[in-house]
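Asks: Sharing a structure below in structure tokens format, with a few things to ask.
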Amino acid sequence: MNNEDITKKLTLHIPEILGSGNFSKYAVLVPLIEKEDGIHVLFEERSHKLRRQPGDICFPGGKIDKLDHDEQAAALRETYEELNLRKEDIENVFPIDYLVSPFGMIVYPYAGFVRNHQRIIPNPAEVETIFTVPLSFFMEKPPEIYHVEYKVEPHANFPHDLVVGGENYKWQPKQMEEYFYLYNGRVIWGMTAKILTHFIEILR
């Protein structure tokens, strides 16, 4: 391989997050609703019959399908399916920063306004119930933040002899922040709370 070959390869390459080709990719919508007392954020409680995270509070959304045109299309498709809405019911959709999980997942969040929210009929296969929280609540009340530490434990066959320091190598443990919002007996936490916190930071 010569200079010209290398230059051509690098010219055609589009940078992305290293290893992201193997990540699971999801898209969600932060649904905003206009009510008499102002803007509200809509949340779902996941069906208690689901295998993954039953009963957790989340935004509408799900895994990006190969047939989805892009991440936004995936977020809207999932929202239509979970809330039985139509294309004309959601408008002014904008992307916010995507989230890269330490567990091999990328979440692409969007924020948009839901019109005619009286039409919403939660899909019982995925959604136990829905509720809204005034946007002002999140603007005025910061989340509670706690920390989770992940220990590094190499497998038994790890080649310690190839690493300077061997078995005494100073691994750096990973610490992750977990955000919590408590509202009227509801607990909003995890990636949903992180996305929500970022959304509020944008508005500030």
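Ordered as shown in the structure tokens, chains take letters A, B, and onward, while each chain numbers its residues from 1 and ligands are numbered from 1 in the order shown.
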Can you pull out every residue within 6 Å of segment 16-32 of chain A, counting only C-alpha atoms, but drop anything in the same chain fewer than 4 positions away, and send it as a list in words?
Replies: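 Within the cut-off, the hits are His40, Val41, Leu42, Pro60, Gly61, Gly62, Lys63, Ile64, Glu71, Ala75, Gly104, Met105, Ile106, Val107, Tyr108, Pro109, Tyr110, Ala111, Gly112, Phe113 and Val114 of chain A.
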Asks: Write a file of the just-selected residues containing C-alpha atoms, as a PDB file, in the first residue's frame.
Replies:
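Now in out21.pdb:
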ATOM      1  CA  HIS A  40     -45.836  19.900  30.189  1.00  0.00           C
ATOM      2  CA  VAL A  41     -43.472  16.984  29.511  1.00  0.00           C
ATOM      3  CA  LEU A  42     -45.156  13.656  28.794  1.00  0.00           C
ATOM      4  CA  PRO A  60     -41.551   7.109  23.926  1.00  0.00           C
ATOM      5  CA  GLY A  61     -38.972   5.504  21.679  1.00  0.00           C
ATOM      6  CA  GLY A  62     -37.124   2.326  20.916  1.00  0.00           C
ATOM      7  CA  LYS A  63     -34.555   0.559  18.809  1.00  0.00           C
ATOM      8  CA  ILE A  64     -33.743   2.013  15.399  1.00  0.00           C
ATOM      9  CA  GLU A  71     -32.842   8.425  13.866  1.00  0.00           C
ATOM     10  CA  ALA A  75     -38.204   8.201  17.347  1.00  0.00           C
ATOM     11  CA  GLY A 104     -22.555  -0.322  24.182  1.00  0.00           C
ATOM     12  CA  MET A 105     -25.652   1.756  23.443  1.00  0.00           C
ATOM     13  CA  ILE A 106     -26.263   5.081  21.705  1.00  0.00           C
ATOM     14  CA  VAL A 107     -29.522   6.962  22.294  1.00  0.00           C
ATOM     15  CA  TYR A 108     -30.573   9.718  19.883  1.00  0.00           C
ATOM     16  CA  PRO A 109     -33.077  12.041  21.642  1.00  0.00           C
ATOM     17  CA  TYR A 110     -35.409  14.526  19.990  1.00  0.00           C
ATOM     18  CA  ALA A 111     -37.813  17.078  21.429  1.00  0.00           C
ATOM     19  CA  GLY A 112     -41.124  17.885  19.790  1.00  0.00           C
ATOM     20  CA  PHE A 113     -44.614  19.215  20.409  1.00  0.00           C
ATOM     21  CA  VAL A 114     -47.604  16.886  20.542  1.00  0.00           C
TER      22      VAL A 114
END
Asks: Please provide as a ChimeraX atom specification all residues within 8 Å of Phe131 of chain A, with the sequence filter that same-chain residues fewer than 2 positions apart are discarded (counting only C-alpha atoms).
Replies: /A:42-44,129,133
Asks: Assign secondary structure with DSSP using the backbone only, and return the residues of segment 64-202 of chain A in strand (DSSP E or B) as JSON, numbers by chain.
Replies: {"A": [90, 91, 92, 93, 94, 95, 99, 100, 101, 105, 106, 107, 108, 109, 110, 111, 112, 113, 114, 127, 128, 129, 130, 131, 132, 133, 134, 144, 145, 146, 147, 148, 149, 150, 174, 175, 176, 177, 178, 179, 180, 181, 182, 183, 186, 187, 188, 189]}
Asks: Go ahead and compute the interatomic distance for atom CA of Arg115 of chain A and atom CA of Asp89 of chain A, in Å to one decimal.
Replies: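 These atoms are spaced 4.9 Å apart.
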Asks: If we count only C-alpha atoms and set the cut-off at 9 Å, which residues sit around Phe138 of chain A, ignoring sequence neighbours fewer than 2 positions away in its own chain? Please answer as a ChimeraX atom specification.
Replies: /A:133-136,140-143,181,196-197,200
Asks: Give me a file of those residues, with C-alpha atoms, as a PDB file, in the first residue's frame.
Replies:
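The new file result.pdb reads:
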ATOM      1  CA  VAL A 133     -45.181  16.981  34.538  1.00  0.00           C
ATOM      2  CA  PRO A 134     -45.099  20.775  34.199  1.00  0.00           C
ATOM      3  CA  LEU A 135     -41.906  21.900  32.491  1.00  0.00           C
ATOM      4  CA  SER A 136     -41.613  24.569  35.194  1.00  0.00           C
ATOM      5  CA  GLU A 140     -37.030  25.105  39.118  1.00  0.00           C
ATOM      6  CA  LYS A 141     -35.875  21.832  40.698  1.00  0.00           C
ATOM      7  CA  PRO A 142     -32.486  20.287  39.838  1.00  0.00           C
ATOM      8  CA  PRO A 143     -32.163  16.492  39.876  1.00  0.00           C
ATOM      9  CA  TYR A 181     -36.350  13.409  39.725  1.00  0.00           C
ATOM     10  CA  LEU A 196     -34.252  15.423  30.533  1.00  0.00           C
ATOM     11  CA  THR A 197     -31.492  17.224  32.454  1.00  0.00           C
ATOM     12  CA  ILE A 200     -33.427  21.610  30.582  1.00  0.00           C
TER      13      ILE A 200
END
